[in-house]
Amino acid sequence: MRRISIFGATGSIGQNTIDLIKRDPEAYHVVALSGGRNIAQLAEDARALKAEIAVTADPSLLPELRERLAGSGVEAAAGETALVEAAHRPADWVMSAIVGAAGLPPGLAALEQGASLALANKESMVCAGPLVMQTARAHGGAVLPVDSEHSAVFQALIGEDLSAVERVIITASGGAFRDWPLEKLATATPEQAATHPNWDMGQRITIDSASMFNKALELIETKEFFDIDPGLIEVLVHPESMIHALVGFNDGALMAHVGPPDMRHAIGFALHHPRRLALPVERLDLVKMGQFTFREACEIRWPALRLAREVMQAGGLSGAVFNAAKERALDAFIAKRIGFQQMAEVVEETLQRVSAQSGLIAARIDLDNVLAADHLARRTADEIMKISER
Ligand code: NAD
Ligand code: MG
């Protein structure tokens, strides 16, 4: 039996992971499940999967979690420290599917106890890529990409020599506003941004798809994951969302990964790695689909892409600053305190102010410095948006 844990179990990726686990319950011993405020879901899954422990991120919800788990034999815990402790419990495979920089500490803890880490939480790579990879190496664990584009690149690279790679293309659907006239973007609402043409995902990543902040994070994630020169990484808009990434080699070949927009493919690939086992995803009818189309990813429409290139250039802790500023700007957009296009303005201004103010960007990439950069960037973004901290 493989021992597994799922952090962010109640979210979109977490629930897709549980869907796969439930199809073969005899194969897995579930160590820990974590969630946020959806205690009913967390408790139901913890009972059904006979988890050792269920952890909610919100300490005020611990009594409710305890009540719902009464008599089940599942331990209940709450808060950030409990999350990290649960991630330190021995497990063979850990899914990192919390949204945001909050996913970094439990992910590192899982790697420290030697687990293979299935990484959906792209923010970990953006904030602290070198630290994540170095922690995996030091403890003999692997980091397996779950983001569909990175799973696609990973699969295209199997058996290949990295020195033969000429370019890596990650695709983007273009999100909710890809066909909107530029001048209309100023009126975009969070509700409109949260509807995705092809993928069914959490609210935050769906809005990040409309602004291309998701693809911006993924550009940085590609660089960190595969140690690829930023100049070799391209973004293409591909409205059908069937080709997730392409890798170009020095003989002119392009290896494309084609699959339905169903995250259970990338999750299942990481779950069964290094084997390839059957998965319950749709088989594509290429004739019915007829064609795949591509467009340029315009950096005027999507300034987040330009900012990601600046971050890759600057290196150091600028990824942590970029991500934290983006999280605050997204919070403010969801709360209707700023407009859609202001998100990129806030992030750009935060990057400029933090880079000019402190030597932090060049500091060593360890957890303390990443958290310090994250905190400073959130404060700075809030100042820019004139939102005082609660
Ligand atoms: P989601 O919002 O559906 O779920 C997020 C999970 O994290 C929930 O369990 C929530 O309770 C928990 N959570 C939220 N804030 C937390 C905090 N501060 N501390 C602890 N737990 C917290 O998100 P999602 O769409 O499943 O995305 C999860 C991660 O996977 C993100 O990093 C996202 O970018 C990445 N990802 C998602 C998809 C997708 O298809 N949904 C695809 C690729 C990558
Ligand atoms: Mg992706």
# chains A, B, ... in the order shown; residues from 1 in each chain; ligands from 1
$ residues_near_ligand --ligand "ligand 2" --cutoff "7 Å" --atoms "only C-alpha atoms and all ligand atoms" --output "list in words"
Asp147, Ser148, Glu149 and Glu218 of chain A
$ residues_near_ligand --ligand "ligand 1" --cutoff "6 Å" --atoms "only C-alpha atoms and all ligand atoms" --output "CSV table (one decimal) with N, CA and C atoms, in the first residue's frame"
chain,number,residue,atom,x,y,z
A,8,GLY,N,-4.8,20.6,0.4
A,8,GLY,CA,-5.8,21.2,-0.5
A,8,GLY,C,-6.8,20.2,-1.1
A,9,ALA,N,-7.1,19.2,-0.2
A,9,ALA,CA,-8.0,18.1,-0.7
A,9,ALA,C,-9.4,18.6,-1.1
A,10,THR,N,-9.8,19.7,-0.5
A,10,THR,CA,-11.2,20.1,-0.8
A,10,THR,C,-11.3,20.9,-2.1
A,11,GLY,N,-10.2,21.3,-2.7
A,11,GLY,CA,-10.3,22.1,-3.9
A,11,GLY,C,-10.4,21.3,-5.1
A,12,SER,N,-10.3,22.0,-6.3
A,12,SER,CA,-10.6,21.4,-7.6
A,12,SER,C,-9.5,20.3,-7.8
A,13,ILE,N,-8.3,20.6,-7.7
A,13,ILE,CA,-7.2,19.6,-7.9
A,13,ILE,C,-7.4,18.5,-6.8
A,14,GLY,N,-7.6,18.9,-5.6
A,14,GLY,CA,-7.7,17.9,-4.5
A,14,GLY,C,-8.9,16.9,-4.8
A,35,GLY,N,-7.8,20.9,4.2
A,35,GLY,CA,-8.7,21.8,3.5
A,35,GLY,C,-8.8,23.1,4.2
A,36,GLY,N,-9.6,24.0,3.7
A,36,GLY,CA,-9.8,25.3,4.2
A,36,GLY,C,-11.1,25.4,5.0
A,37,ARG,N,-12.1,26.0,4.5
A,37,ARG,CA,-13.3,26.3,5.2
A,37,ARG,C,-14.4,25.2,4.9
A,57,ALA,N,-7.1,24.6,7.6
A,57,ALA,CA,-6.2,25.8,7.7
A,57,ALA,C,-6.7,26.8,8.7
A,97,ALA,N,-1.7,20.8,-3.3
A,97,ALA,CA,-2.8,21.5,-4.1
A,97,ALA,C,-3.5,22.5,-3.3
A,98,ILE,N,-2.7,23.1,-2.4
A,98,ILE,CA,-3.2,24.4,-1.8
A,98,ILE,C,-3.1,25.5,-2.8
A,99,VAL,N,-3.9,26.5,-2.8
A,99,VAL,CA,-3.7,27.6,-3.7
A,99,VAL,C,-2.9,28.7,-3.0
A,100,GLY,N,-1.9,29.3,-3.7
A,100,GLY,CA,-1.2,30.4,-3.2
A,100,GLY,C,0.1,30.0,-2.5
A,102,ALA,N,0.8,29.9,0.5
A,102,ALA,CA,0.5,29.1,1.7
A,102,ALA,C,0.9,27.6,1.4
A,120,ALA,N,1.0,20.6,-7.8
A,120,ALA,CA,0.0,21.5,-8.5
A,120,ALA,C,0.2,22.9,-8.1
A,121,ASN,N,0.7,23.1,-6.9
A,121,ASN,CA,0.9,24.5,-6.3
A,121,ASN,C,2.1,25.2,-7.0
A,122,LYS,N,1.8,25.8,-8.1
A,122,LYS,CA,2.8,26.4,-8.9
A,122,LYS,C,3.5,27.5,-8.2
A,123,GLU,N,2.8,28.1,-7.2
A,123,GLU,CA,3.3,29.2,-6.5
A,123,GLU,C,4.6,28.8,-5.8
A,147,ASP,N,0.8,20.7,-13.0
A,147,ASP,CA,0.3,21.7,-13.9
A,147,ASP,C,0.3,21.0,-15.3
A,201,MET,N,-11.9,24.9,-13.0
A,201,MET,CA,-10.9,25.1,-12.0
A,201,MET,C,-11.3,25.9,-10.8
A,202,GLY,N,-10.5,26.1,-9.8
A,202,GLY,CA,-10.8,27.0,-8.7
A,202,GLY,C,-10.9,28.4,-9.2
A,203,GLN,N,-11.6,29.2,-8.4
A,203,GLN,CA,-11.9,30.6,-8.8
A,203,GLN,C,-10.7,31.4,-9.0
A,205,ILE,N,-7.5,30.6,-9.9
A,205,ILE,CA,-6.7,30.3,-11.1
A,205,ILE,C,-7.5,30.6,-12.3
A,263,MET,N,-7.8,17.6,-15.6
A,263,MET,CA,-6.6,17.5,-14.8
A,263,MET,C,-6.3,16.1,-14.2
$ residues_around --residues "Ala278 (chain A)" --least-positions-apart "4" --cutoff "10 Å" --atoms "only C-alpha atoms" --output "MDAnalysis selection string"
chainID A and resid 265 268:269 272
$ closest_atom_pairs --of "region 113-184 of chain A" --to "region 307-322 of chain A" --cutoff "10 Å" --atoms "only C-alpha atoms" --output "JSON lines"
{"residue": "A:Glu123", "atom": "CA", "partner": "A:Ala320", "partner_atom": "CA", "distance": 8.2}
{"residue": "A:Ser124", "atom": "CA", "partner": "A:Ala320", "partner_atom": "CA", "distance": 8.8}
{"residue": "A:Met125", "atom": "CA", "partner": "A:Gly319", "partner_atom": "CA", "distance": 8.6}
{"residue": "A:Val126", "atom": "CA", "partner": "A:Gly319", "partner_atom": "CA", "distance": 5.2}
{"residue": "A:Cys127", "atom": "CA", "partner": "A:Ala320", "partner_atom": "CA", "distance": 3.8}
{"residue": "A:Ala128", "atom": "CA", "partner": "A:Ala320", "partner_atom": "CA", "distance": 7.0}
{"residue": "A:Gly129", "atom": "CA", "partner": "A:Gly319", "partner_atom": "CA", "distance": 8.9}
{"residue": "A:Pro130", "atom": "CA", "partner": "A:Gly316", "partner_atom": "CA", "distance": 9.3}
$ residues_around --residues "Leu330 (chain A)" --least-positions-apart "4" --cutoff "12 Å" --atoms "only C-alpha atoms" --output "PyMOL selection string"
chain A and resi 100+189-190+193-194+203-211+213-214+323-326+334-347+378+381-382+385
$ write_last_selection --atoms "C-alpha atoms" --output "compact mmCIF listing (two decimals), in the first residue's frame"
# COMPACT_ATOMS: atom_id res chain seq x y z
CA GLY A 100 -1.16 30.38 -3.17
CA THR A 189 -15.90 42.01 -13.43
CA PRO A 190 -14.68 39.16 -11.19
CA ALA A 193 -13.32 36.65 -15.25
CA ALA A 194 -14.20 33.53 -13.23
CA GLN A 203 -11.94 30.61 -8.76
CA ARG A 204 -8.49 32.17 -8.31
CA ILE A 205 -6.69 30.28 -11.08
CA THR A 206 -9.64 30.90 -13.41
CA ILE A 207 -9.34 34.66 -12.94
CA ASP A 208 -5.56 34.32 -13.30
CA SER A 209 -6.22 32.64 -16.65
CA ALA A 210 -8.19 35.65 -17.87
CA SER A 211 -5.40 38.04 -16.83
CA PHE A 213 -1.11 35.83 -14.50
CA ASN A 214 -1.56 32.07 -14.49
CA ASN A 323 3.47 36.11 -6.61
CA ALA A 324 2.60 37.85 -3.34
CA ALA A 325 1.74 41.12 -5.09
CA LYS A 326 -0.39 39.18 -7.56
CA ILE A 334 -12.31 39.86 -6.32
CA ALA A 335 -13.45 42.34 -3.64
CA LYS A 336 -14.08 44.90 -6.41
CA ARG A 337 -11.62 47.38 -4.92
CA ILE A 338 -9.54 47.57 -8.10
CA GLY A 339 -10.25 46.97 -11.78
CA PHE A 340 -9.11 44.06 -13.93
CA GLN A 341 -6.25 45.91 -15.62
CA GLN A 342 -5.06 47.45 -12.37
CA MET A 343 -3.90 44.05 -11.15
CA ALA A 344 -0.86 44.16 -13.44
CA GLU A 345 -0.21 47.82 -12.55
CA VAL A 346 -0.16 46.98 -8.84
CA VAL A 347 2.18 44.04 -9.38
CA ARG A 378 1.94 42.09 0.37
CA ALA A 381 0.93 46.09 -2.69
CA ASP A 382 -1.59 47.03 0.01
CA MET A 385 -3.83 50.04 -3.24
$ closest_residue --among "A:Ala304, A:Leu49, A:Met1, A:Ile361" --to "Leu20 (chain A)" --atoms "only C-alpha atoms"
A:Leu49
$ atom_distance --atom1 "CA of Ala82 (chain A)" --atom2 "CA of Phe7 (chain A)"
11.8 Å
$ closest_residue --among "A:Val235, A:Met212, A:Leu83, A:Leu246" --to "Ala156 (chain A)" --atoms "only C-alpha atoms"
A:Leu246
$ closest_residue --among "A:Asp331, A:Glu234, A:Asp161, A:Glu64" --to "Leu305 (chain A)" --atoms "only C-alpha atoms"
A:Glu234
$ residues_around --residues "region 140-144 of chain A" --least-positions-apart "3" --cutoff "7 Å" --atoms "only C-alpha atoms" --output "PyMOL selection string"
chain A and resi 111+114-119+136-137+270
$ write_last_selection --atoms "C-alpha atoms" --output "tab-separated table (two decimals), in the first residue's frame"
chain	number	residue	atom	x	y	z
A	111	LEU	CA	9.97	16.70	0.71
A	114	GLY	CA	11.43	11.95	1.68
A	115	ALA	CA	8.10	11.92	-0.15
A	116	SER	CA	7.65	12.40	-3.86
A	117	LEU	CA	5.83	15.68	-4.23
A	118	ALA	CA	3.13	16.01	-6.89
A	119	LEU	CA	3.18	19.76	-7.37
A	136	ALA	CA	13.96	17.21	-3.08
A	137	ARG	CA	17.54	16.34	-4.04
A	270	ALA	CA	2.18	12.01	-11.33
$ closest_atom_pairs --of "region 174-211 of chain A" --to "region 294-297 of chain A" --cutoff "12 Å" --atoms "only C-alpha atoms" --output "JSON lines"
{"residue": "A:Gly174", "atom": "CA", "partner": "A:Ala297", "partner_atom": "CA", "distance": 8.1}
{"residue": "A:Gly175", "atom": "CA", "partner": "A:Ala297", "partner_atom": "CA", "distance": 11.6}
{"residue": "A:Arg178", "atom": "CA", "partner": "A:Ala297", "partner_atom": "CA", "distance": 9.7}
{"residue": "A:Asp179", "atom": "CA", "partner": "A:Arg295", "partner_atom": "CA", "distance": 11.4}
{"residue": "A:Ser211", "atom": "CA", "partner": "A:Ala297", "partner_atom": "CA", "distance": 11.7}
$ residues_around --residues "Thr380 (chain A)" --least-positions-apart "2" --cutoff "8 Å" --atoms "only C-alpha atoms" --output "ChimeraX atom specification"
/A:325,350,353-354,376-378,382-384
$ atom_distance --atom1 "CA of Ala152 (chain A)" --atom2 "CA of Val287 (chain A)"
22.2 Å
$ residues_around --residues "Lys22 (chain A)" --least-positions-apart "5" --cutoff "12 Å" --atoms "only C-alpha atoms" --output "count of residues only"
12
